[in-house]
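Coordinates as given in start-v7.tsv (TSV, C-alpha atoms and all ligand atoms):
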```
chain	number	residue	atom	x	y	z
A	77	MET	CA	43.58	-19.83	12.73
A	78	THR	CA	40.70	-19.33	15.16
A	79	PHE	CA	38.88	-16.26	13.92
A	80	LYS	CA	37.50	-14.05	16.64
A	81	PHE	CA	34.54	-12.46	14.93
A	82	SER	CA	32.94	-9.35	16.41
A	83	LYS	CA	29.70	-9.56	18.35
A	84	ARG	CA	27.92	-8.17	15.30
A	85	VAL	CA	28.44	-11.42	13.38
A	86	PRO	CA	25.44	-13.72	13.97
A	87	VAL	CA	26.21	-16.58	16.34
A	88	GLY	CA	26.35	-19.84	14.40
A	89	GLY	CA	26.52	-17.77	11.25
A	90	ASN	CA	24.53	-20.36	9.28
A	91	ASP	CA	22.67	-18.93	6.36
A	92	ALA	CA	19.48	-20.97	6.86
A	93	VAL	CA	17.54	-19.05	4.22
A	94	GLY	CA	20.44	-19.31	1.76
A	95	ALA	CA	20.36	-23.09	2.24
A	96	ILE	CA	16.61	-23.12	1.55
A	97	LEU	CA	17.02	-21.05	-1.61
A	98	GLN	CA	19.86	-23.28	-2.76
A	99	ALA	CA	17.78	-26.42	-2.28
A	100	ALA	CA	14.91	-24.71	-4.12
A	101	ALA	CA	17.19	-23.85	-7.05
A	102	ASP	CA	17.30	-27.50	-8.20
A	103	PRO	CA	15.86	-27.39	-11.76
A	104	LYS	CA	13.45	-30.24	-10.90
A	105	VAL	CA	11.89	-28.08	-8.18
A	106	ILE	CA	9.12	-25.57	-8.86
A	107	SER	CA	10.15	-22.79	-6.52
A	108	PHE	CA	7.90	-20.23	-4.90
A	109	ALA	CA	10.67	-19.54	-2.38
A	110	GLY	CA	12.71	-16.64	-3.77
A	111	GLY	CA	11.57	-13.03	-3.71
A	112	LEU	CA	12.42	-12.31	-7.32
A	113	PRO	CA	10.54	-10.07	-9.75
A	114	ALA	CA	9.62	-11.54	-13.16
A	115	PRO	CA	12.75	-11.11	-15.36
A	116	GLU	CA	10.62	-11.02	-18.52
A	117	MET	CA	9.36	-7.63	-17.30
A	118	PHE	CA	12.83	-6.06	-17.18
A	119	PRO	CA	12.90	-3.34	-19.87
A	120	VAL	CA	16.23	-4.49	-21.29
A	121	LYS	CA	16.09	-2.62	-24.62
A	122	ALA	CA	14.94	0.70	-23.16
A	123	MET	CA	17.49	0.42	-20.39
A	124	LYS	CA	20.26	-0.26	-22.90
A	125	GLU	CA	19.25	2.89	-24.79
A	126	ALA	CA	19.17	4.86	-21.53
A	127	THR	CA	22.64	3.56	-20.61
A	128	ASP	CA	24.05	4.48	-24.05
A	129	LYS	CA	22.60	7.95	-23.63
A	130	ALA	CA	24.03	8.25	-20.12
A	131	PHE	CA	27.48	7.35	-21.48
A	132	GLU	CA	27.17	9.81	-24.37
A	133	LYS	CA	25.98	12.69	-22.19
A	134	HIS	CA	27.83	12.04	-18.93
A	135	GLY	CA	30.47	9.36	-19.63
A	136	ARG	CA	33.25	10.95	-17.62
A	137	GLN	CA	31.08	11.99	-14.67
A	138	ALA	CA	29.56	8.49	-14.63
A	139	MET	CA	33.04	6.99	-14.31
A	140	GLN	CA	34.24	9.52	-11.73
A	141	TYR	CA	33.59	9.59	-7.97
A	142	GLY	CA	30.25	11.25	-7.22
A	143	SER	CA	28.18	12.79	-4.46
A	144	SER	CA	27.17	10.67	-1.45
A	145	ALA	CA	23.67	12.18	-1.50
A	146	GLY	CA	23.11	10.94	-5.05
A	147	LEU	CA	22.58	12.60	-8.41
A	148	THR	CA	20.54	15.80	-8.11
A	149	GLU	CA	18.46	15.14	-11.22
A	150	LEU	CA	17.61	11.62	-10.06
A	151	ARG	CA	16.65	12.88	-6.61
A	152	GLN	CA	14.37	15.46	-8.24
A	153	LEU	CA	12.69	12.75	-10.34
A	154	ILE	CA	12.25	10.55	-7.25
A	155	LEU	CA	10.66	13.46	-5.37
A	156	LYS	CA	8.25	14.14	-8.25
A	157	ARG	CA	7.24	10.49	-8.42
A	158	ILE	CA	6.64	10.01	-4.68
A	159	ALA	CA	4.66	13.27	-4.51
A	160	ARG	CA	2.39	12.00	-7.29
A	161	LYS	CA	2.22	8.35	-6.23
A	162	GLU	CA	2.54	8.35	-2.44
A	163	ASP	CA	1.52	11.84	-1.30
A	164	VAL	CA	5.02	12.35	0.08
A	165	HIS	CA	5.96	15.98	-0.40
A	166	ALA	CA	9.62	16.69	0.24
A	167	LYS	CA	12.57	18.76	-0.93
A	168	LEU	CA	16.01	17.89	-2.25
A	169	GLU	CA	17.58	18.09	1.22
A	170	ASN	CA	15.12	15.42	2.41
A	171	VAL	CA	16.25	12.65	0.05
A	172	LEU	CA	19.26	10.35	-0.02
A	173	VAL	CA	19.92	7.86	-2.82
A	174	THR	CA	20.93	4.46	-1.42
A	175	THR	CA	22.51	1.31	-2.78
A	176	GLY	CA	19.24	-0.62	-2.83
A	177	SER	CA	16.68	0.21	-0.18
A	178	GLU	CA	18.35	-2.49	1.92
A	179	GLN	CA	21.09	0.06	2.55
A	180	ALA	CA	18.51	2.53	3.88
A	181	ILE	CA	17.47	-0.02	6.55
A	182	ASP	CA	21.12	-0.57	7.40
A	183	LEU	CA	21.91	3.16	7.67
A	184	VAL	CA	18.85	3.83	9.84
A	185	GLY	CA	19.80	0.88	12.08
A	186	LYS	CA	23.34	2.24	12.36
A	187	ALA	CA	22.12	5.78	13.07
A	188	PHE	CA	19.40	5.04	15.62
A	189	VAL	CA	19.91	1.65	17.28
A	190	ASN	CA	22.34	1.13	20.15
A	191	PRO	CA	22.93	-2.39	21.49
A	192	GLY	CA	20.03	-3.34	23.77
A	193	ASP	CA	17.59	-0.79	22.33
A	194	THR	CA	14.18	-2.12	21.49
A	195	VAL	CA	13.02	-2.07	17.88
A	196	LEU	CA	9.35	-2.81	17.20
A	197	VAL	CA	8.49	-4.70	14.02
A	198	GLU	CA	5.51	-6.48	12.55
A	199	GLN	CA	5.18	-10.09	13.60
A	200	PRO	CA	6.19	-11.56	11.09
A	201	THR	CA	8.37	-9.17	9.09
A	202	TYR	CA	10.94	-8.87	6.28
A	203	LEU	CA	13.74	-11.21	7.30
A	204	CYS	CA	16.64	-9.12	5.95
A	205	ALA	CA	15.45	-6.20	8.12
A	206	LEU	CA	15.60	-8.56	11.11
A	207	ASN	CA	19.16	-9.48	10.13
A	208	VAL	CA	20.20	-5.81	9.92
A	209	LEU	CA	18.66	-4.99	13.29
A	210	LYS	CA	20.31	-8.00	14.93
A	211	THR	CA	23.67	-6.73	13.67
A	212	TYR	CA	23.16	-3.55	15.68
A	213	GLY	CA	22.31	-5.51	18.83
A	214	ALA	CA	18.63	-4.58	18.85
A	215	ASN	CA	16.15	-6.19	21.18
A	216	ILE	CA	13.65	-6.93	18.43
A	217	VAL	CA	10.05	-7.16	19.59
A	218	GLY	CA	7.35	-8.41	17.22
A	219	VAL	CA	4.03	-6.56	17.37
A	220	PRO	CA	1.03	-8.74	16.52
A	221	MET	CA	-0.79	-8.18	13.22
A	222	ASP	CA	-4.29	-8.81	11.97
A	223	GLU	CA	-5.47	-8.89	8.37
A	224	ASP	CA	-4.95	-5.09	8.25
A	225	GLY	CA	-1.30	-5.14	9.30
A	226	MET	CA	0.31	-4.14	12.60
A	227	ARG	CA	-2.32	-3.70	15.36
A	228	MET	CA	-2.19	-0.19	16.80
A	229	ASP	CA	-3.49	-1.23	20.25
A	230	ALA	CA	-0.66	-3.79	20.43
A	231	LEU	CA	1.84	-1.19	19.20
A	232	GLU	CA	0.82	1.26	21.90
A	233	ASP	CA	1.09	-1.48	24.56
A	234	ALA	CA	4.58	-2.32	23.25
A	235	LEU	CA	5.65	1.34	23.26
A	236	LYS	CA	4.52	1.61	26.91
A	237	ALA	CA	6.19	-1.68	27.87
A	238	HIS	CA	9.48	-0.76	26.13
A	239	PRO	CA	10.38	2.86	26.89
A	240	ASN	CA	13.82	2.17	25.38
A	241	THR	CA	12.33	1.77	21.89
A	242	SER	CA	14.55	3.58	19.41
A	243	LEU	CA	12.85	2.57	16.15
A	244	ILE	CA	9.65	1.15	14.67
A	245	TYR	CA	10.03	-0.67	11.35
A	246	SER	CA	7.03	-1.41	9.14
A	247	VAL	CA	6.08	-2.48	5.61
A	248	PRO	CA	2.51	-1.13	5.33
A	249	ASN	CA	1.89	-2.09	1.66
A	250	PHE	CA	1.64	-5.74	0.55
A	251	GLN	CA	3.94	-6.67	3.36
A	252	ASN	CA	6.78	-9.12	2.95
A	253	PRO	CA	6.02	-11.89	3.95
A	254	THR	CA	2.21	-11.70	4.51
A	255	GLY	CA	0.99	-9.57	1.59
A	256	ARG	CA	-1.15	-7.57	4.03
A	257	THR	CA	-1.89	-3.84	3.62
A	258	MET	CA	-2.69	-1.33	6.33
A	259	PRO	CA	-5.81	0.83	5.74
A	260	ALA	CA	-5.61	4.65	5.77
A	261	GLU	CA	-7.25	5.19	9.19
A	262	ARG	CA	-4.73	2.91	10.84
A	263	ARG	CA	-1.84	4.65	9.06
A	264	LYS	CA	-2.96	7.96	10.50
A	265	LYS	CA	-2.98	6.45	13.99
A	266	PHE	CA	0.41	4.88	13.26
A	267	ALA	CA	2.01	8.25	12.44
A	268	GLU	CA	0.34	9.79	15.51
A	269	LEU	CA	1.70	7.09	17.83
A	270	ALA	CA	5.24	7.55	16.50
A	271	SER	CA	4.91	11.24	17.26
A	272	LYS	CA	3.22	10.76	20.67
A	273	TYR	CA	5.95	8.38	21.89
A	274	ASP	CA	8.67	10.32	20.07
A	275	VAL	CA	10.04	7.27	18.23
A	276	PRO	CA	11.15	7.29	14.57
A	277	LEU	CA	9.08	5.09	12.29
A	278	LEU	CA	10.78	3.61	9.22
A	279	GLU	CA	8.13	3.10	6.52
A	280	ASP	CA	9.52	0.60	4.01
A	281	ASN	CA	7.53	0.71	0.78
A	282	PRO	CA	9.10	-1.41	-1.97
A	283	TYR	CA	5.76	-2.80	-3.20
A	284	GLY	CA	3.38	0.19	-3.04
A	285	GLU	CA	3.26	0.70	-6.81
A	286	ILE	CA	2.69	-3.01	-7.48
A	287	ARG	CA	-1.07	-2.85	-6.89
A	288	PHE	CA	-3.26	-5.02	-9.16
A	289	ALA	CA	-6.58	-4.77	-7.27
A	290	GLY	CA	-8.36	-2.47	-4.83
A	291	LYS	CA	-7.67	1.19	-4.16
A	292	HIS	CA	-4.45	3.07	-3.46
A	293	VAL	CA	-3.88	3.89	0.22
A	294	PRO	CA	-1.86	7.01	1.10
A	295	SER	CA	1.53	6.42	2.69
A	296	VAL	CA	2.04	6.63	6.47
A	297	LYS	CA	4.47	9.47	5.71
A	298	SER	CA	1.59	11.49	4.24
A	299	PHE	CA	0.02	11.52	7.75
A	300	ASP	CA	3.28	12.41	9.47
A	301	PRO	CA	2.60	15.45	11.69
A	302	ASP	CA	6.20	16.35	12.55
A	303	GLY	CA	8.95	14.38	10.83
A	304	HIS	CA	8.89	11.15	12.86
A	305	VAL	CA	8.21	9.03	9.75
A	306	PHE	CA	11.11	8.14	7.45
A	307	TYR	CA	9.92	6.93	4.04
A	308	MET	CA	11.98	4.55	1.90
A	309	SER	CA	11.48	2.81	-1.42
A	310	THR	CA	13.33	1.33	-4.36
A	311	PHE	CA	13.56	0.81	-8.11
A	312	SER	CA	13.98	-2.93	-7.49
A	313	LYS	CA	10.35	-3.91	-8.06
A	314	ILE	CA	9.32	-1.37	-10.72
A	315	LEU	CA	12.53	-1.56	-12.76
A	316	ALA	CA	15.26	-4.04	-11.78
A	317	PRO	CA	16.74	-5.23	-8.47
A	318	GLY	CA	20.18	-5.77	-10.00
A	319	PHE	CA	20.72	-2.01	-10.29
A	320	ARG	CA	20.70	-1.72	-6.48
A	321	LEU	CA	19.00	1.67	-6.47
A	322	GLY	CA	16.80	2.89	-3.63
A	323	TRP	CA	16.16	6.01	-1.57
A	324	ILE	CA	15.10	7.36	1.79
A	325	VAL	CA	13.19	10.54	2.64
A	326	ALA	CA	13.49	12.12	6.09
A	327	GLU	CA	14.17	15.39	7.89
A	328	PRO	CA	17.36	17.13	6.63
A	329	GLU	CA	19.06	16.57	10.00
A	330	VAL	CA	18.51	12.82	9.64
A	331	ILE	CA	19.56	12.78	5.98
A	332	GLN	CA	22.81	14.55	6.87
A	333	LYS	CA	23.69	11.87	9.45
A	334	LEU	CA	22.72	9.03	7.12
A	335	THR	CA	24.85	10.60	4.37
A	336	VAL	CA	27.92	10.61	6.65
A	337	LEU	CA	27.28	6.94	7.50
A	338	LYS	CA	26.81	6.13	3.82
A	339	GLN	CA	30.21	7.67	3.09
A	340	SER	CA	31.76	5.09	5.42
A	341	ALA	CA	29.77	2.30	3.79
A	342	ASP	CA	30.33	2.89	0.06
A	343	LEU	CA	31.10	6.61	-0.59
A	344	HIS	CA	28.19	6.76	-3.02
A	345	THR	CA	25.82	4.65	-5.08
A	346	ASP	CA	26.98	3.54	-8.56
A	347	ASN	CA	27.07	6.66	-10.77
A	348	LEU	CA	26.46	4.94	-14.09
A	349	VAL	CA	23.32	3.28	-12.74
A	350	GLN	CA	22.08	6.63	-11.42
A	351	TYR	CA	22.67	8.40	-14.75
A	352	ALA	CA	21.15	5.53	-16.76
A	353	VAL	CA	18.02	5.27	-14.59
A	354	THR	CA	17.62	9.07	-14.79
A	355	GLU	CA	17.60	8.84	-18.61
A	356	PHE	CA	15.21	5.89	-18.47
A	357	LEU	CA	12.78	7.80	-16.26
A	358	LYS	CA	12.83	10.82	-18.59
A	359	ASP	CA	12.37	8.90	-21.85
A	360	ASN	CA	9.86	6.19	-20.93
A	361	ASP	CA	6.28	5.86	-19.77
A	362	VAL	CA	7.12	4.34	-16.39
A	363	ASP	CA	3.46	4.22	-15.30
A	364	ALA	CA	2.61	2.08	-18.33
A	365	HIS	CA	5.54	-0.20	-17.55
A	366	VAL	CA	4.45	-0.59	-13.92
A	367	LYS	CA	0.89	-1.31	-15.09
A	368	ASP	CA	2.20	-4.20	-17.22
A	369	ILE	CA	4.02	-5.59	-14.17
A	370	CYS	CA	0.85	-5.27	-12.08
A	371	ASN	CA	-1.25	-7.04	-14.74
A	372	LEU	CA	1.17	-9.95	-14.88
A	373	TYR	CA	1.46	-10.32	-11.08
A	374	GLY	CA	-2.32	-10.00	-10.68
A	375	LYS	CA	-2.77	-12.85	-13.17
A	376	ARG	CA	-0.16	-14.99	-11.40
A	377	LYS	CA	-1.62	-14.31	-7.96
A	378	LYS	CA	-5.06	-15.37	-9.18
A	379	LEU	CA	-3.66	-18.60	-10.64
A	380	MET	CA	-1.99	-19.29	-7.32
A	381	THR	CA	-5.12	-18.71	-5.23
A	382	ASP	CA	-7.18	-20.74	-7.73
A	383	GLY	CA	-4.63	-23.54	-7.30
A	384	ILE	CA	-4.80	-23.26	-3.51
A	385	LYS	CA	-8.60	-23.50	-3.58
A	386	LYS	CA	-8.45	-26.50	-5.88
A	387	TYR	CA	-5.61	-28.53	-4.38
A	388	PHE	CA	-4.89	-27.52	-0.77
A	389	PRO	CA	-6.58	-29.19	2.23
A	390	LYS	CA	-9.64	-27.12	3.17
A	391	SER	CA	-8.30	-26.27	6.64
A	392	VAL	CA	-5.41	-24.26	5.15
A	393	LYS	CA	-5.65	-20.47	5.52
A	394	TYR	CA	-4.01	-17.97	3.17
A	395	THR	CA	-3.88	-14.24	2.57
A	396	ASN	CA	-5.23	-12.81	-0.68
A	397	PRO	CA	-3.12	-9.70	-1.43
A	398	GLU	CA	-4.16	-6.86	-3.72
A	399	GLY	CA	-0.56	-6.28	-4.78
A	400	GLY	CA	3.08	-7.07	-4.15
A	401	MET	CA	4.73	-10.43	-4.68
A	402	PHE	CA	3.84	-12.72	-1.76
A	403	LEU	CA	1.08	-14.52	0.02
A	404	TRP	CA	1.19	-16.14	3.43
A	405	VAL	CA	-0.08	-19.61	4.21
A	406	THR	CA	-1.01	-21.12	7.59
A	407	VAL	CA	-1.50	-24.88	7.88
A	408	PRO	CA	-3.29	-25.68	11.16
A	409	GLY	CA	-1.96	-28.91	12.65
A	410	VAL	CA	1.58	-28.52	11.31
A	411	ASP	CA	4.16	-27.59	13.97
A	412	ASP	CA	7.46	-28.03	12.20
A	413	THR	CA	7.41	-26.00	8.99
A	414	VAL	CA	11.05	-26.79	8.21
A	415	ALA	CA	10.16	-30.52	8.21
A	416	LEU	CA	7.20	-29.64	5.98
A	417	PHE	CA	9.60	-27.80	3.65
A	418	LYS	CA	11.73	-30.95	3.36
A	419	LYS	CA	8.66	-33.03	2.56
A	420	CYS	CA	7.61	-30.53	-0.11
A	421	LEU	CA	11.08	-30.64	-1.66
A	422	LYS	CA	10.54	-34.39	-2.15
A	423	HIS	CA	7.41	-33.40	-4.09
A	424	ASN	CA	9.64	-31.00	-6.10
A	425	VAL	CA	8.07	-27.80	-4.85
A	426	ALA	CA	9.47	-25.13	-2.49
A	427	PHE	CA	8.52	-22.15	-0.32
A	428	VAL	CA	10.21	-20.24	2.51
A	429	PRO	CA	9.18	-21.60	5.95
A	430	GLY	CA	7.76	-18.93	8.26
A	431	ASP	CA	10.36	-19.22	11.04
A	432	PRO	CA	13.01	-16.71	9.82
A	433	PHE	CA	10.38	-13.96	9.47
A	434	PHE	CA	9.67	-13.92	13.20
A	435	ALA	CA	11.65	-11.97	15.79
A	436	GLY	CA	10.56	-14.42	18.49
A	437	LYS	CA	8.67	-17.68	18.42
A	438	ALA	CA	7.22	-18.39	14.98
A	439	ASP	CA	3.53	-19.07	14.36
A	440	PRO	CA	3.51	-22.79	13.60
A	441	GLY	CA	2.61	-24.09	10.15
A	442	THR	CA	3.27	-20.80	8.36
A	443	PHE	CA	5.12	-20.25	5.09
A	444	ARG	CA	5.58	-17.63	2.35
A	445	LEU	CA	4.73	-18.18	-1.31
A	446	ASN	CA	6.05	-15.92	-4.08
A	447	TYR	CA	3.87	-15.55	-7.17
A	448	SER	CA	5.83	-12.98	-9.20
A	449	ASN	CA	8.62	-15.18	-10.50
A	450	ALA	CA	7.14	-18.54	-11.55
A	451	LYS	CA	5.74	-18.78	-15.07
A	452	GLU	CA	1.98	-19.30	-15.39
A	453	ASP	CA	2.26	-22.93	-16.57
A	454	LYS	CA	4.30	-23.82	-13.47
A	455	ILE	CA	2.00	-22.22	-10.91
A	456	MET	CA	-0.92	-24.68	-11.17
A	457	VAL	CA	1.43	-27.71	-11.35
A	458	GLY	CA	3.31	-26.39	-8.32
A	459	MET	CA	0.11	-25.86	-6.34
A	460	LYS	CA	-0.96	-29.43	-7.15
A	461	GLN	CA	2.37	-30.80	-5.90
A	462	LEU	CA	2.22	-28.61	-2.81
A	463	GLY	CA	-1.37	-29.68	-2.12
A	464	ALA	CA	-0.32	-33.36	-2.30
A	465	ALA	CA	2.58	-32.72	0.12
A	466	LEU	CA	0.29	-30.89	2.57
A	467	ASP	CA	-2.28	-33.72	2.42
A	468	GLU	CA	0.48	-36.19	3.23
A	469	ALA	CA	1.81	-34.04	6.10
A	470	LEU	CA	-1.64	-33.64	7.67
A	471	LYS	CA	-2.36	-37.40	7.41
A	472	ASN	CA	0.83	-38.10	9.33
B	501	LIG	C1	10.27	-5.27	2.56
B	501	LIG	C2	11.51	-5.13	1.78
B	501	LIG	N1	12.33	-4.12	2.06
B	501	LIG	C3	13.49	-3.94	1.40
B	501	LIG	C4	13.86	-4.82	0.40
B	501	LIG	C5	15.19	-4.58	-0.28
B	501	LIG	O1	15.02	-4.15	-1.56
B	501	LIG	P1	16.23	-3.50	-2.41
B	501	LIG	O2	16.37	-4.37	-3.59
B	501	LIG	O3	15.75	-2.13	-2.74
B	501	LIG	O4	17.44	-3.46	-1.56
B	501	LIG	C6	13.04	-5.89	0.07
B	501	LIG	C7	13.45	-6.83	-0.96
B	501	LIG	O5	12.87	-7.84	-1.23
B	501	LIG	C8	11.83	-6.04	0.79
B	501	LIG	O6	10.99	-7.06	0.54
```

Take the structure in the file and give it back as C-alpha cells.
Amino acid sequence: MTFKFSKRVPVGGNDAVGAILQAAADPKVISFAGGLPAPEMFPVKAMKEATDKAFEKHGRQAMQYGSSAGLTELRQLILKRIARKEDVHAKLENVLVTTGSEQAIDLVGKAFVNPGDTVLVEQPTYLCALNVLKTYGANIVGVPMDEDGMRMDALEDALKAHPNTSLIYSVPNFQNPTGRTMPAERRKKFAELASKYDVPLLEDNPYGEIRFAGKHVPSVKSFDPDGHVFYMSTFSKILAPGFRLGWIVAEPEVIQKLTVLKQSADLHTDNLVQYAVTEFLKDNDVDAHVKDICNLYGKRKKLMTDGIKKYFPKSVKYTNPEGGMFLWVTVPGVDDTVALFKKCLKHNVAFVPGDPFFAGKADPGTFRLNYSNAKEDKIMVGMKQLGAALDEALKN
C-alpha cells in the first residue's frame, strides 16, 4: 500500500539522530553522543521503597484512571520546590503534571502554533523541541546567541521582523546543546520583551538544579510581569528520565487549555509513578541527592575540559558550562560535521553533529559532547581518540 501520511509527518521521515545514536551504541565506541543522565545516580533502593509505600497506601487509586491535571499532592510538592529553587511562586491552578517535560513542549505547540506562525528559538536549540514545532507547521526562526545565551537585541529585531510570532522557546540554564546560561539582567529583559510584544515565552528548565559551579540565577519566570512566561521542568535529570514525569506552570486559562489537549493525548500521566515520586519526595533528602549528581557531573565536566586542553588541536573552541550535561565544540576549518562524525567513529568515539540543533543553516564544524553519562576512566581515553580524529580531519 502507498501510505498517504499527513503533512505533520516529517518529509523523508529519516531519523538522522537515531541513526547517529545507533552507530554510537557499538560497544567499541566511547560515546559522548546521547543525552543520558548517569544511571549510577538513580536512587533505585529509595525509589523501590517509595513505590512499595505508594502501593500500600494508594494501590487501587494508583491502578485506576486519574485526573488529567495530575495528583494534587505531587503538584503541591512541585510548587514548593520551584518556589524555593527557582523563585517561581504559583498556585495549584497554575500547574499541570505532564508525561515528561517533552509533553509540555508538545502541548504548548499544539495550543499556540498554527501552521505558518513564526516561533523564535535559540540558534542552536534542543532538537526535539525543533521536531515538535515542525510538526505544528511552525516557521522556526533561530535567534543568534552569544556566550550568555539568546541575544536580546537580536530577539527584538526578530520580533519586529516577524509580527506573526506566536511563541518564543528558550532553555536559559545550561542550554542543550551549548551549555550556556543566561545572566539575570538579560532574563529580566527577556520577560519584558515577551510582555512588550505580547508573545508567550516557554522557559524550558530541565537542567537548572544541576549546577556544579558559579551562582544560581533566578528563572525568567521570576521576572515575568504579567503571565507571558510559561515555566516547565522535569524529574528526568534530578531523579530518573524513565519515569516520564514533568510539569508546566502558567496562567490558569492556559493550564485549562493544555489540560484539555492533554486529555486527547494520554488522559493523564502514569498514576503509579506520580504516587511513588510523591512518596520519594516526602521521605528523602532530595537536595542532598541532587548535590551528589552535581558533584559527579562537575568532576566529569572537568575531566572532559582537561582532556580537550590536552588532546584537541589548539584552534578548537568549546564552552565551559557551570552545570547541566553538555558542552559545545566548534572546530574552525571543518565544514562537514557529519563527515567528521564518521571519521571519529573510525577512531571509536562519538558525538552528535551540530546540524540537527539548528532551525536553519548550521554553524559549520560544531558538535555536542555529553559528559554526564560516560564513566571517568572513559572520558580521558575518549578525548584522546577524538583529539586524534580532529588532528587528522584538520590535516586533510
Ligand atoms: C532542553 C530539554 N527540554 C526537554 C527535555 C525533555 O525532558 P523530559 O525527559 O522531561 O521529557 C530535554 C531532554 O533531554 C531537554 O534537554

Throw together the list of residues within 10 Å of ligand LIG 501 (chain B), counting only C-alpha atoms and all ligand atoms, and drop it here as a compact mmCIF listing (two decimals) with C-alpha atoms, keeping the file's coordinate frame.
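Everything below was put into result05.txt:
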```txt
# COMPACT_ATOMS: atom_id res chain seq x y z
CA GLY A 110 12.71 -16.64 -3.77
CA GLY A 111 11.57 -13.03 -3.71
CA LEU A 112 12.42 -12.31 -7.32
CA PRO A 113 10.54 -10.07 -9.75
CA THR A 174 20.93 4.46 -1.42
CA THR A 175 22.51 1.31 -2.78
CA GLY A 176 19.24 -0.62 -2.83
CA SER A 177 16.68 0.21 -0.18
CA GLU A 178 18.35 -2.49 1.92
CA GLN A 179 21.09 0.06 2.55
CA ALA A 180 18.51 2.53 3.88
CA ILE A 181 17.47 -0.02 6.55
CA THR A 201 8.37 -9.17 9.09
CA TYR A 202 10.94 -8.87 6.28
CA LEU A 203 13.74 -11.21 7.30
CA CYS A 204 16.64 -9.12 5.95
CA ALA A 205 15.45 -6.20 8.12
CA TYR A 245 10.03 -0.67 11.35
CA SER A 246 7.03 -1.41 9.14
CA VAL A 247 6.08 -2.48 5.61
CA PRO A 248 2.51 -1.13 5.33
CA ASN A 249 1.89 -2.09 1.66
CA PHE A 250 1.64 -5.74 0.55
CA GLN A 251 3.94 -6.67 3.36
CA ASN A 252 6.78 -9.12 2.95
CA PRO A 253 6.02 -11.89 3.95
CA GLU A 279 8.13 3.10 6.52
CA ASP A 280 9.52 0.60 4.01
CA ASN A 281 7.53 0.71 0.78
CA PRO A 282 9.10 -1.41 -1.97
CA TYR A 283 5.76 -2.80 -3.20
CA MET A 308 11.98 4.55 1.90
CA SER A 309 11.48 2.81 -1.42
CA THR A 310 13.33 1.33 -4.36
CA PHE A 311 13.56 0.81 -8.11
CA SER A 312 13.98 -2.93 -7.49
CA LYS A 313 10.35 -3.91 -8.06
CA ALA A 316 15.26 -4.04 -11.78
CA PRO A 317 16.74 -5.23 -8.47
CA GLY A 318 20.18 -5.77 -10.00
CA PHE A 319 20.72 -2.01 -10.29
CA ARG A 320 20.70 -1.72 -6.48
CA LEU A 321 19.00 1.67 -6.47
CA GLY A 322 16.80 2.89 -3.63
CA TRP A 323 16.16 6.01 -1.57
CA GLY A 400 3.08 -7.07 -4.15
CA MET A 401 4.73 -10.43 -4.68
CA PHE A 402 3.84 -12.72 -1.76
```

- Please provide the set of residues having any atom within 10 Å of Asn449 of chain A, restricted to all atoms listed in the file, with same-chain residues fewer than 2 positions apart removed, written as number ranges by chain. A: 107-116, 373, 376, 401, 446-447, 451-452, 455

Taking all atoms of segment 221-224 of chain A that appear in the file, build a box with edges along x, y and z, extend it by 5 Å on every side, and state its centre and edge lengths in Å to one decimal, as JSON.
```
{"center_x": -3.1, "center_y": -7.0, "center_z": 10.7, "size_x": 14.7, "size_y": 13.8, "size_z": 15.0}
```

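What separates atom CA of Gly399 of chain A from atom CA of Ile286 of chain A is a distance of 5.3 Å.
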
- List the neighbours of Asn472 of chain A out to 10 Å using all atoms listed in the file; skip same-chain residues closer than 5 positions along the sequence, and give me the result as a ChimeraX atom specification. /A:410,466-467

- Message: Report, in Å to a single decimal, how far apart atom CA of Leu196 of chain A and atom CA of Ala415 of chain A are.
- Response: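 Value for the atom CA of Ala415 of chain A-atom CA of Leu196 of chain A distance: 29.1 Å.
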
- Of the listed residues A:Leu403, A:Asp368, A:Phe79, A:Phe188, that which approaches Thr381 of chain A most closely, counting all atoms listed in the file: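 Once distances to Thr381 of chain A are computed over all atoms listed in the file, the minimum belongs to A:Leu403.
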
- Using only C-alpha atoms, find the one residue out of A:Val105, A:Asp193, A:Gly142, A:Met228 that sits nearest to Lys418 of chain A.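 The closest residue to Lys418 of chain A is A:Val105.
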
- Task: Please identify all polymer residues lying at most 12 Å from the point (12.4, -4.4, -22.5) (file coordinates), using all atoms listed in the file, and present the result as a PyMOL selection string.
- Result: chain A and resi 115-126+315-316+356+360+362+365+368-369

- Message: Taking all atoms listed in the file into account, name the residue in A:Thr194, A:His344, A:Pro432, A:Ile324 that is nearest to Leu155 of chain A.
- Response: A:Ile324

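Counting all atoms listed in the file and comparing A:Val366, A:Ile314, A:Val296, A:Leu231, the residue that lies closest to Leu278 of chain A is A:Val296.
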
- Item | All residues 9 Å or closer to Gly374 of chain A, only C-alpha atoms, same chain fewer than 2 positions away omitted, as a list of chain:residue names |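 The neighbour list is A:Arg287, A:Phe288, A:Ala289, A:Ile369, A:Cys370, A:Asn371, A:Leu372, A:Arg376, A:Lys377, A:Lys378, A:Leu379, A:Glu398, A:Gly399, A:Gly400, A:Ser448.
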
Please list as a compact mmCIF listing (two decimals) with C-alpha atoms, in the coordinates of the input every residue within 9 Å of Pro259 of chain A, counting only C-alpha atoms and excluding residues in the same chain fewer than 6 positions away.
```txt
# COMPACT_ATOMS: atom_id res chain seq x y z
CA ASP A 224 -4.95 -5.09 8.25
CA GLY A 225 -1.30 -5.14 9.30
CA PRO A 248 2.51 -1.13 5.33
CA VAL A 293 -3.88 3.89 0.22
CA PRO A 294 -1.86 7.01 1.10
```

- Which distance in Å separates atom CA of Glu169 of chain A and atom CA of Val353 of chain A, to one decimal?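 The value is 20.4 Å.
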
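The nearest approach to Ala270 of chain A among the residues A:Gly284, A:Ala101, A:Thr254, A:Asp300, with all atoms listed in the file taken into account, belongs to A:Asp300.
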
- Item | Protein and nucleic acid residues near (11.0, -20.0, -0.4) (cut-off 10 Å, only C-alpha atoms) as a list in words | Val93, Gly94, Ile96, Leu97, Gln98, Ala99, Ala100, Ala101, Ser107, Phe108, Ala109, Gly110, Gly111, Phe417, Val425, Ala426, Phe427, Val428, Pro429, Gly430, Phe443, Arg444, Leu445 and Asn446 of chain A
